[in-house]
$ cat structure34.cif   # mmCIF, C-alpha atoms
data_start
loop_
_atom_site.label_atom_id
_atom_site.label_comp_id
_atom_site.auth_asym_id
_atom_site.auth_seq_id
_atom_site.Cartn_x
_atom_site.Cartn_y
_atom_site.Cartn_z
CA MET A 1 83.14 99.31 130.60
CA THR A 2 82.36 97.74 133.93
CA THR A 3 79.61 95.30 134.48
CA GLU A 4 77.23 94.92 137.37
CA LEU A 5 79.19 91.87 138.47
CA GLU A 6 82.49 93.75 138.47
CA ASP A 7 80.94 96.55 140.52
CA ARG A 8 79.58 94.04 142.95
CA LEU A 9 82.97 92.38 143.24
CA ARG A 10 84.66 95.69 143.97
CA GLU A 11 82.08 96.61 146.54
CA GLY A 12 81.97 93.17 148.12
CA LEU A 13 85.73 92.75 148.39
CA ARG A 14 86.16 96.19 149.89
CA GLU A 15 83.37 95.59 152.36
CA TRP A 16 84.97 92.29 153.31
CA ALA A 17 88.36 93.96 153.66
CA ASP A 18 86.96 96.77 155.77
CA ARG A 19 85.69 94.25 158.28
CA ILE A 20 89.15 92.79 158.75
CA GLN A 21 90.88 94.28 161.76
CA PRO A 22 94.61 93.47 161.63
CA SER A 23 96.54 93.36 164.88
CA PRO A 24 99.05 96.19 165.41
CA GLY A 25 102.00 94.11 164.22
CA ASP A 26 105.64 94.64 165.11
CA PRO A 27 108.17 95.84 162.54
CA HIS A 28 111.06 94.97 164.85
CA GLU A 29 109.96 91.35 164.92
CA ALA A 30 110.11 91.36 161.10
CA MET A 31 113.60 92.82 161.23
CA THR A 32 114.66 90.22 163.72
CA ARG A 33 113.18 87.47 161.62
CA ALA A 34 115.05 88.77 158.60
CA GLY A 35 118.22 88.08 160.51
CA THR A 36 120.05 90.92 158.85
CA GLY A 37 119.24 93.78 161.12
CA THR A 38 122.84 94.01 162.13
CA ALA A 39 123.08 97.74 161.56
CA ALA A 40 121.48 98.34 164.87
CA VAL A 41 122.99 95.50 166.79
CA THR A 42 124.41 96.95 169.91
CA ARG A 43 127.65 95.97 171.53
CA ARG A 44 125.63 94.22 174.20
CA SER A 45 123.73 92.36 171.52
CA VAL A 46 126.96 91.22 169.94
CA ALA A 47 128.12 89.86 173.27
CA LEU A 48 124.82 88.10 173.78
CA TYR A 49 124.99 86.73 170.25
CA TRP A 50 128.37 85.14 170.81
CA ALA A 51 127.24 83.79 174.16
CA ALA A 52 124.18 82.26 172.50
CA ALA A 53 126.33 80.86 169.71
CA ALA A 54 128.63 79.23 172.25
CA VAL A 55 125.64 77.66 174.01
CA LEU A 56 124.32 76.44 170.66
CA VAL A 57 127.64 74.80 169.84
CA VAL A 58 127.56 72.98 173.18
CA LEU A 59 123.96 71.93 172.60
CA LEU A 60 124.72 70.70 169.10
CA GLY A 61 127.54 68.62 170.45
CA ALA A 62 125.33 67.19 173.15
CA VAL A 63 122.58 66.36 170.69
CA THR A 64 125.02 64.71 168.33
CA VAL A 65 126.52 62.62 171.08
CA THR A 66 123.32 61.60 172.82
CA ARG A 67 120.96 61.05 169.89
CA SER A 68 120.09 57.40 169.49
CA PRO A 69 120.85 56.02 166.05
CA ALA A 70 117.81 55.09 163.99
CA PRO A 71 117.34 51.39 163.40
CA ALA A 72 119.40 50.56 160.36
CA GLY A 73 117.98 48.47 157.56
CA PRO A 74 119.51 46.79 154.56
CA GLY A 75 121.18 49.19 152.21
CA THR A 76 120.91 52.02 154.65
CA ALA A 77 123.09 55.06 154.24
CA GLU A 78 122.00 57.03 157.23
CA GLY A 79 122.16 60.76 157.12
CA THR A 80 120.76 61.98 160.36
CA THR A 81 121.47 64.82 162.70
CA GLY A 82 123.81 67.40 161.34
CA ASP A 83 124.20 65.67 158.00
CA SER A 84 124.86 68.30 155.34
CA ALA A 85 125.00 66.24 152.14
CA PRO A 86 122.61 68.00 149.76
CA LEU A 87 119.28 66.31 149.12
CA SER A 88 117.54 66.24 145.77
CA LEU A 89 114.26 68.13 145.85
CA ALA A 90 112.94 65.81 143.15
CA GLU A 91 113.77 62.69 145.17
CA PRO A 92 114.38 63.58 148.80
CA THR A 93 115.25 60.16 150.18
CA ILE A 94 113.71 60.60 153.61
CA VAL A 95 112.08 57.88 155.66
CA LEU A 96 110.41 57.91 159.06
CA ARG A 97 111.83 55.39 161.48
CA PRO A 98 110.13 55.77 164.81
CA ALA A 99 110.15 53.08 167.46
CA ASP A 100 106.42 52.77 166.79
CA THR A 101 106.38 51.04 163.42
CA ARG A 102 102.69 51.64 162.82
CA TRP A 103 103.47 54.93 161.09
CA GLN A 104 102.93 54.60 157.35
CA VAL A 105 103.54 56.83 154.34
CA SER A 106 100.16 58.30 153.41
CA SER A 107 101.02 60.70 150.61
CA VAL A 108 103.81 62.03 148.44
CA GLY A 109 103.70 65.06 146.18
CA ARG A 110 106.16 66.60 143.81
CA TYR A 111 105.22 70.02 142.47
CA LEU A 112 106.67 71.72 139.44
CA ALA A 113 106.90 75.44 138.78
CA GLU A 114 105.85 76.71 135.37
CA SER A 115 109.50 76.50 134.37
CA GLY A 116 109.40 72.75 134.96
CA THR A 117 111.72 72.79 137.95
CA VAL A 118 110.61 71.24 141.21
CA SER A 119 109.18 73.93 143.48
CA HIS A 120 108.52 71.77 146.50
CA PHE A 121 108.05 68.19 147.64
CA SER A 122 105.65 66.90 150.25
CA LEU A 123 105.68 63.70 152.21
CA SER A 124 103.24 62.69 154.90
CA PHE A 125 102.93 59.85 157.34
CA HIS A 126 99.89 58.76 159.28
CA HIS A 127 99.42 56.71 162.38
CA PRO A 128 96.39 54.49 162.96
CA ASP A 129 95.48 56.57 166.00
CA GLY A 130 94.79 59.55 163.69
CA ARG A 131 98.01 61.48 164.03
CA LEU A 132 99.47 62.91 160.86
CA LEU A 133 102.99 64.13 160.22
CA MET A 134 103.38 66.32 157.17
CA LEU A 135 106.79 67.22 155.82
CA GLU A 136 107.36 69.75 153.08
CA LEU A 137 110.70 70.39 151.45
CA SER A 138 111.46 73.52 149.50
CA PRO A 139 114.43 75.50 148.22
CA PRO A 140 116.21 77.77 150.68
CA ASP A 141 114.83 80.94 149.11
CA PRO A 142 111.71 81.73 151.14
CA LEU A 143 109.84 83.50 148.35
CA PRO A 144 108.93 80.57 146.10
CA SER A 145 107.51 78.51 148.90
CA GLY A 146 106.31 81.23 151.20
CA THR A 147 106.14 78.67 153.93
CA THR A 148 107.85 80.61 156.64
CA MET A 149 105.50 81.79 159.30
CA ARG A 150 105.81 83.90 162.40
CA TYR A 151 107.70 81.86 164.91
CA ASP A 152 107.10 81.60 168.59
CA ARG A 153 110.23 79.79 169.68
CA ARG A 154 113.73 79.17 168.50
CA LEU A 155 114.98 75.69 169.19
CA THR A 156 117.23 72.98 167.81
CA VAL A 157 115.79 70.24 165.62
CA ARG A 158 117.93 67.43 164.23
CA GLY A 159 120.97 69.43 165.20
CA GLU A 160 119.90 72.44 163.18
CA PRO A 161 118.63 75.82 164.32
CA ALA A 162 114.86 75.75 163.92
CA VAL A 163 111.80 77.80 164.63
CA ALA A 164 108.50 76.59 166.02
CA ILE A 165 105.16 78.12 165.22
CA ASP A 166 102.09 77.57 167.33
CA ARG A 167 99.22 77.49 164.91
CA ALA A 168 96.22 77.14 167.15
CA ARG A 169 96.55 73.69 168.68
CA HIS A 170 98.99 72.39 166.21
CA HIS A 171 102.62 73.18 165.71
CA GLN A 172 104.93 73.71 162.81
CA LEU A 173 108.69 73.30 162.82
CA ARG A 174 110.96 74.80 160.20
CA TRP A 175 114.65 74.37 159.74
CA GLU A 176 117.28 74.08 157.02
CA GLU A 177 119.05 70.81 156.44
CA ALA A 178 120.87 69.21 153.55
CA GLY A 179 120.43 72.28 151.40
CA LEU A 180 116.64 72.42 151.72
CA VAL A 181 114.05 74.04 153.94
CA TRP A 182 112.18 71.40 155.93
CA THR A 183 108.75 72.29 157.27
CA ALA A 184 107.00 69.75 159.46
CA GLN A 185 103.65 69.97 161.10
CA GLY A 186 101.67 67.61 163.19
CA SER A 187 98.36 68.19 161.55
CA SER A 188 97.31 70.10 158.53
CA LEU A 189 95.27 73.16 157.78
CA TRP A 190 92.87 71.19 155.69
CA ASN A 191 92.03 69.04 158.68
CA LEU A 192 90.61 71.99 160.54
CA PHE A 193 86.99 71.88 161.53
CA PRO A 194 84.93 74.72 160.06
CA ASP A 195 85.30 76.64 163.32
CA GLY A 196 89.07 76.59 162.92
CA THR A 197 89.80 74.01 165.59
CA VAL A 198 91.75 70.80 165.09
CA PRO A 199 89.87 67.51 165.31
CA PRO A 200 90.78 65.51 168.42
CA GLY A 201 93.72 63.22 167.94
CA LEU A 202 95.20 65.08 165.03
CA GLY A 203 97.16 67.69 166.94
CA PHE A 204 100.68 67.06 168.18
CA ASP A 205 102.09 68.86 171.10
CA LEU A 206 105.40 70.46 170.30
CA ASP A 207 107.55 67.94 172.15
CA GLU A 208 105.84 65.05 170.40
CA LEU A 209 106.31 66.67 167.03
CA ARG A 210 109.99 67.24 167.75
CA SER A 211 110.33 63.66 168.85
CA VAL A 212 108.77 62.27 165.66
CA VAL A 213 110.79 64.62 163.47
CA GLU A 214 113.97 63.33 165.06
CA ASP A 215 113.02 59.93 163.67
CA LEU A 216 113.22 61.15 160.08
CA ALA A 217 116.29 59.71 158.41
CA VAL A 218 118.01 60.29 155.11
CA VAL A 219 118.71 57.01 153.33
CA ASP A 220 119.88 55.88 149.93
CA ARG A 221 117.52 55.92 146.97
CA ASP A 222 116.81 52.19 146.89
CA THR A 223 115.95 52.11 150.56
CA TRP A 224 113.73 55.14 150.14
CA LEU A 225 111.82 53.66 147.21
CA ALA A 226 111.40 50.43 149.15
CA SER A 227 109.79 52.39 151.97
CA LEU A 228 107.09 53.77 149.70
CA PRO A 229 103.86 52.08 148.59
CA ASN A 230 103.99 50.86 145.01
CA LEU A 231 101.56 53.51 143.82
CA ALA A 232 103.72 56.23 145.33
CA VAL A 233 106.67 54.93 143.35
CA THR A 234 104.45 54.91 140.27
CA ALA A 235 103.52 58.52 140.96
CA LEU A 236 107.11 59.63 141.28
CA GLY A 237 107.82 57.98 137.95
CA GLN A 238 105.60 60.58 136.27
CA ARG A 239 107.86 63.19 134.70
CA GLY A 240 107.18 66.72 133.55
CA VAL A 241 104.08 67.13 135.72
CA SER A 242 103.14 67.94 139.26
CA VAL A 243 102.07 64.69 140.81
CA THR A 244 100.64 63.40 144.05
CA TRP A 245 99.90 60.00 145.42
CA GLU A 246 97.45 59.96 148.28
CA HIS A 247 96.21 56.87 150.00
CA GLU A 248 92.58 57.86 149.49
CA ARG A 249 92.89 59.42 146.03
CA GLY A 250 95.43 57.49 144.07
CA VAL A 251 97.83 59.17 141.64
CA THR A 252 96.88 62.58 140.28
CA VAL A 253 98.82 64.85 137.94
CA TRP A 254 98.70 68.53 137.01
CA PRO A 255 100.58 70.46 134.36
CA PRO A 256 103.58 72.45 135.62
CA GLY A 257 102.66 75.67 137.37
CA PRO A 258 100.07 76.40 140.02
CA VAL A 259 98.13 73.32 141.05
CA GLU A 260 94.56 74.15 140.13
CA GLY A 261 91.42 72.11 139.99
CA PRO A 262 91.11 68.42 140.73
CA GLY A 263 93.88 67.37 138.36
CA THR A 264 93.89 64.27 136.19
CA LEU A 265 93.51 60.98 137.99
CA VAL A 266 96.13 58.65 136.53
CA VAL A 267 95.77 55.65 138.84
CA PRO A 268 92.77 55.26 141.13
CA PRO A 269 93.25 54.35 144.80
CA ARG A 270 92.94 50.77 145.80
CA MET B 1 103.07 89.87 170.04
CA ARG B 2 105.62 87.68 171.73
CA GLN B 3 109.17 88.75 171.15
CA PRO B 4 111.49 86.13 169.69
CA ASP B 5 114.43 84.89 171.67
CA SER B 6 116.89 85.89 169.02
CA VAL B 7 119.25 88.72 169.80
CA ILE B 8 120.26 89.34 166.21
CA GLY B 9 118.77 92.44 164.73
CA VAL B 10 117.19 93.78 167.88
CA ARG B 11 116.66 97.45 167.25
CA GLY B 12 117.28 100.02 169.84
CA PRO B 13 115.22 103.11 170.63
CA GLY B 14 115.29 105.81 168.04
CA ALA B 15 115.06 103.48 165.07
CA HIS B 16 111.47 104.40 164.31
CA ASP B 17 112.47 106.76 161.56
CA ASP B 18 113.81 103.81 159.66
CA PRO B 19 112.08 103.77 156.26
CA PHE B 20 111.26 100.16 156.85
CA VAL B 21 109.27 101.01 159.95
CA THR B 22 107.48 103.68 157.97
CA LEU B 23 106.67 101.21 155.23
CA TYR B 24 105.50 98.71 157.82
CA GLY B 25 103.18 101.20 159.44
CA SER B 26 101.75 102.47 156.20
CA HIS B 27 101.34 99.20 154.34
CA ARG B 28 100.78 96.42 156.83
CA PRO B 29 97.03 96.85 157.37
CA ARG B 30 96.32 96.82 153.65
CA MET B 31 98.66 93.89 153.07
CA VAL B 32 96.93 91.90 155.82
CA ARG B 33 93.57 92.65 154.26
CA LEU B 34 94.83 91.67 150.83
CA ALA B 35 96.28 88.43 152.19
CA THR B 36 93.08 87.66 154.08
CA LEU B 37 91.07 88.03 150.89
CA LEU B 38 93.40 85.46 149.36
CA VAL B 39 93.76 82.93 152.19
CA ASP B 40 90.57 83.51 154.21
CA ARG B 41 92.06 83.61 157.69
CA VAL B 42 93.41 86.73 159.34
CA ASP B 43 95.86 84.88 161.59
CA ILE B 44 97.45 83.06 158.66
CA ALA B 45 97.40 86.25 156.59
CA GLU B 46 99.25 88.11 159.33
CA GLU B 47 101.92 85.42 159.45
CA LEU B 48 102.39 85.50 155.71
CA VAL B 49 102.57 89.28 155.66
CA GLN B 50 105.06 89.35 158.51
CA GLU B 51 107.30 86.98 156.61
CA ALA B 52 106.93 89.10 153.49
CA PHE B 53 108.05 92.12 155.49
CA ALA B 54 111.02 90.14 156.79
CA THR B 55 111.97 89.20 153.24
CA THR B 56 111.58 92.81 152.14
CA TYR B 57 113.76 94.00 154.98
CA ARG B 58 116.37 91.38 154.17
CA ARG B 59 116.62 92.67 150.60
CA TRP B 60 115.97 96.31 151.34
CA ALA B 61 119.29 97.57 150.04
CA THR B 62 118.71 96.02 146.61
CA LEU B 63 115.11 97.11 146.08
CA ASP B 64 114.10 99.93 143.76
CA ASP B 65 110.48 99.82 144.81
CA PRO B 66 110.03 98.23 148.25
CA PRO B 67 106.21 98.55 148.30
CA ALA B 68 105.92 96.73 144.98
CA TYR B 69 108.30 94.04 146.16
CA LEU B 70 106.36 93.70 149.39
CA ARG B 71 103.09 93.21 147.56
CA ALA B 72 104.66 90.61 145.29
CA ALA B 73 106.04 88.78 148.30
CA VAL B 74 102.63 88.80 149.99
CA VAL B 75 100.82 87.58 146.89
CA ASN B 76 103.40 84.86 146.24
CA ALA B 77 103.20 83.66 149.82
CA CYS B 78 99.41 83.55 149.66
CA ARG B 79 99.45 81.67 146.37
CA SER B 80 101.80 79.10 147.82
CA GLU B 81 99.55 78.73 150.83
CA LEU B 82 96.54 78.20 148.58
CA ARG B 83 98.34 75.66 146.41
CA ARG B 84 99.36 73.59 149.37
CA ARG B 85 95.86 73.73 150.72
CA HIS B 86 94.08 73.04 147.48
CA VAL B 87 95.20 69.48 146.96
CA ARG B 88 93.28 68.15 149.91
CA ARG B 89 90.91 70.84 150.98
CA THR B 90 87.47 70.59 149.49
CA ARG B 91 85.65 73.15 151.58
CA PRO B 92 86.52 76.77 152.19
CA ILE B 93 88.23 77.41 155.48
CA ALA B 94 85.94 79.19 157.88
CA THR B 95 86.95 82.49 159.39
CA PRO B 96 86.80 82.15 163.15
CA ASP B 97 87.45 85.85 163.54
CA GLY B 98 84.15 87.02 162.15
CA ALA B 99 85.77 88.63 159.13
CA ALA B 100 83.38 87.05 156.67
CA PRO B 101 81.48 89.32 154.30
CA PRO B 102 77.75 89.66 154.66
CA ASP B 103 76.74 87.53 151.70
CA ASP B 104 77.97 84.51 149.78
CA LEU B 105 80.50 86.49 147.77
CA ARG B 106 83.36 85.32 149.95
CA ASP B 107 82.55 81.64 149.55
CA THR B 108 82.15 82.08 145.82
CA VAL B 109 85.48 83.87 145.44
CA ALA B 110 87.15 81.42 147.82
CA ALA B 111 85.97 78.51 145.68
CA LEU B 112 87.78 79.80 142.62
CA PRO B 113 91.01 78.08 141.56
CA GLU B 114 94.02 79.76 143.10
CA ARG B 115 95.12 81.65 140.01
CA GLN B 116 91.64 82.93 139.17
CA ARG B 117 91.07 84.01 142.73
CA THR B 118 94.36 85.89 142.83
CA VAL B 119 93.59 87.69 139.59
CA VAL B 120 90.12 88.65 140.81
CA VAL B 121 91.39 90.04 144.13
CA LEU B 122 94.23 91.95 142.51
CA ARG B 123 91.91 93.34 139.84
CA PHE B 124 88.94 94.30 141.96
CA TYR B 125 90.46 94.93 145.38
CA GLU B 126 93.88 96.28 144.47
CA ASP B 127 92.57 97.86 141.25
CA LEU B 128 95.64 96.73 139.35
CA PRO B 129 95.65 96.72 135.55
CA LEU B 130 96.04 93.34 133.92
CA ARG B 131 99.60 94.10 132.84
CA ASP B 132 100.65 94.73 136.43
CA ILE B 133 98.79 91.64 137.60
CA ALA B 134 100.56 89.53 135.00
CA GLU B 135 103.94 90.89 135.99
CA LEU B 136 103.26 90.39 139.66
CA MET B 137 102.11 86.80 139.17
CA GLY B 138 104.80 85.94 136.66
CA ILE B 139 102.36 85.07 133.89
CA HIS B 140 101.61 86.44 130.44
CA VAL B 141 99.08 89.24 130.10
CA GLY B 142 96.98 86.97 127.92
CA THR B 143 96.96 84.35 130.63
CA ALA B 144 95.90 86.92 133.22
CA LYS B 145 93.15 88.05 130.91
CA SER B 146 91.89 84.53 130.29
CA GLN B 147 92.01 83.72 133.99
CA LEU B 148 89.96 86.81 134.74
CA HIS B 149 87.50 85.96 132.00
CA ARG B 150 87.03 82.45 133.32
CA ALA B 151 86.67 83.68 136.86
CA LEU B 152 84.04 86.21 135.91
CA ALA B 153 82.15 83.63 133.90
CA ARG B 154 82.12 81.31 136.86
CA LEU B 155 81.17 84.04 139.31
CA ARG B 156 78.44 85.28 137.01
CA LYS B 157 77.01 81.80 136.87
CA GLU B 158 77.12 81.29 140.62
CA ILE B 159 76.15 84.75 141.79
CA HIS B 160 73.67 85.49 139.02
CA PRO B 161 72.46 82.05 137.94
#
$ encode --input "structure34.cif" --output "structure tokens"
Amino acid sequence: MTTELEDRLREGLREWADRIQPSPGDPHEAMTRAGTGTAAVTRRSVALYWAAAAVLVVLLGAVTVTRSPAPAGPGTAEGTTGDSAPLSLAEPTIVLRPADTRWQVSSVGRYLAESGTVSHFSLSFHHPDGRLLMLELSPPDPLPSGTTMRYDRRLTVRGEPAVAIDRARHHQLRWEEAGLVWTAQGSSLWNLFPDGTVPPGLGFDLDELRSVVEDLAVVDRDTWLASLPNLAVTALGQRGVSVTWEHERGVTVWPPGPVEGPGTLVVPPR
Amino acid sequence: MRQPDSVIGVRGPGAHDDPFVTLYGSHRPRMVRLATLLVDRVDIAEELVQEAFATTYRRWATLDDPPAYLRAAVVNACRSELRRRHVRRTRPIATPDGAAPPDDLRDTVAALPERQRTVVVLRFYEDLPLRDIAELMGIHVGTAKSQLHRALARLRKEIHP
């Protein structure tokens, strides 16, 4: 038996859907993105592929040689460009070491799937001028995170092949490094104004985002914990739950599985 | 749409009879609409759907039911998008493309927790039975049922106070 509400939901959702006009789309772009469309790769494409690979090798070498080392601190075990030592998704020991030291960690989040395994980890940094760098780490399989978006450019980030996505005045970079998928963006969707635009000062241009991302460094656990605010360390000490520490909100936890509702505030902000 | 710089997987002329292309043509509009109902914005929905198609293509040879896999990939991608958004976002994202429905139904549905919203859209837009919804979302049928019950209770309160 259907109720009036259910009928209204059916009608309303269909009416809403009917008003949506998708763009034509391009199946070949999806095939290309899949990276496995080799059945139709032509001989010319193969030649181009190897030429591109050769150029990439040269570029990787150049990047590795010319990249300035990040300032080293006590106890530092730098893992920077091209480092392939696997990172723990539960404790990805990543710090931001730009020349401008006013960048600060503004949030951390560790999210558990219903199975209790870590599904993704987020880390963000803010600058007093309003810029925000958000980094999300997820397993290589794209399905659990679903973070991959249409890309507009292929490029090299931190010595790894990466894609860049232009998301209406802010950019997203995605690449694989140390056994994880890294997704960085210069401002976040939830900072959009209601009209879909990005507030002034929060958008990075692509070059700036690339530059800041190059300042991310993999360090040892002690150095990483020392880089975090005390409450963030407290948050990461919470086990068996999804947990976030945010500068404005304090430490919040959720049961494993989809993060729903406001969560339980464990430690208030201060 | 801008073509990527990659040369891997570039298809030549005559590949349009590929079953993937057929699936793309027949399912993409509905998948974009489904994703938009879940994530609000058409541009983001199109990106998520395109990635779901890429994933489907990547695994094509191993799939028994590509359309079902595609829908699961779209829904999973949308749920992930909503979860990431939910932690900080307190207001529904506006639709700059004018795709909003005529009344407050959209805002009310959009305000539901991610799991309830997904169940509602799959139940009342996709017309899926609860058992299929549960399987698609990786939850128990009882959980799907309780999520739907809670969602309807909340919607009833807000739409018909």
$ atom_distance --input "structure34.cif" --atom1 "CA of Leu133 in chain A" --atom2 "CA of Gly186 in chain A"
4.8 Å
$ closest_residue --input "structure34.cif" --among "A:Val105, A:Val218, A:Val213, A:Leu137" --to "Val157 in chain A" --atoms "all atoms listed in the file"
A:Val213
$ closest_residue --input "structure34.cif" --among "B:Asp104, B:Glu114, B:Asp65, B:Asp18" --to "chain A" --atoms "all atoms listed in the file"
B:Glu114
$ residues_around --input "structure34.cif" --residues "Gly12 in chain A" --least-positions-apart "4" --cutoff "7 Å" --atoms "all atoms listed in the file" --output "PDB file with C-alpha atoms, in the coordinates of the input"
ATOM      1  CA  ARG A   8      79.580  94.040 142.950  1.00  0.00           C
ATOM      2  CA  TRP A  16      84.970  92.290 153.310  1.00  0.00           C
TER       3      TRP A  16
ATOM      4  CA  LEU B 105      80.500  86.490 147.770  1.00  0.00           C
TER       5      LEU B 105
END
$ atom_distance --input "structure34.cif" --atom1 "CA of Ala17 in chain A" --atom2 "CA of Tyr125 in chain B"
8.6 Å
$ residues_around --input "structure34.cif" --residues "Thr118 in chain B" --least-positions-apart "4" --cutoff "12 Å" --atoms "all atoms listed in the file" --output "PyMOL selection string"
(chain A and resi 258) or (chain B and resi 34-39+72+74-83+109-114+122-126+128+130+133-134+136-137+144+147-148+151)
$ residues_around --input "structure34.cif" --residues "His126 in chain A" --least-positions-apart "6" --cutoff "6 Å" --atoms "all atoms listed in the file" --output "VMD selection string"
chain A and resid 103 to 104 106 132
$ resolve_selection --input "structure34.cif" --expression "the PyMOL selection byres ((chain A and resi 252) around 6)" --output "tab-separated table (two decimals) with C-alpha atoms, keeping the file's coordinate frame"
chain	number	residue	atom	x	y	z
A	243	VAL	CA	102.07	64.69	140.81
A	244	THR	CA	100.64	63.40	144.05
A	251	VAL	CA	97.83	59.17	141.64
A	253	VAL	CA	98.82	64.85	137.94
A	263	GLY	CA	93.88	67.37	138.36
A	264	THR	CA	93.89	64.27	136.19
A	265	LEU	CA	93.51	60.98	137.99
A	266	VAL	CA	96.13	58.65	136.53
$ closest_residue --input "structure34.cif" --among "B:Leu152, B:Phe20, B:Glu51, B:Ala68" --to "Val32 in chain B" --atoms "all atoms listed in the file"
B:Glu51
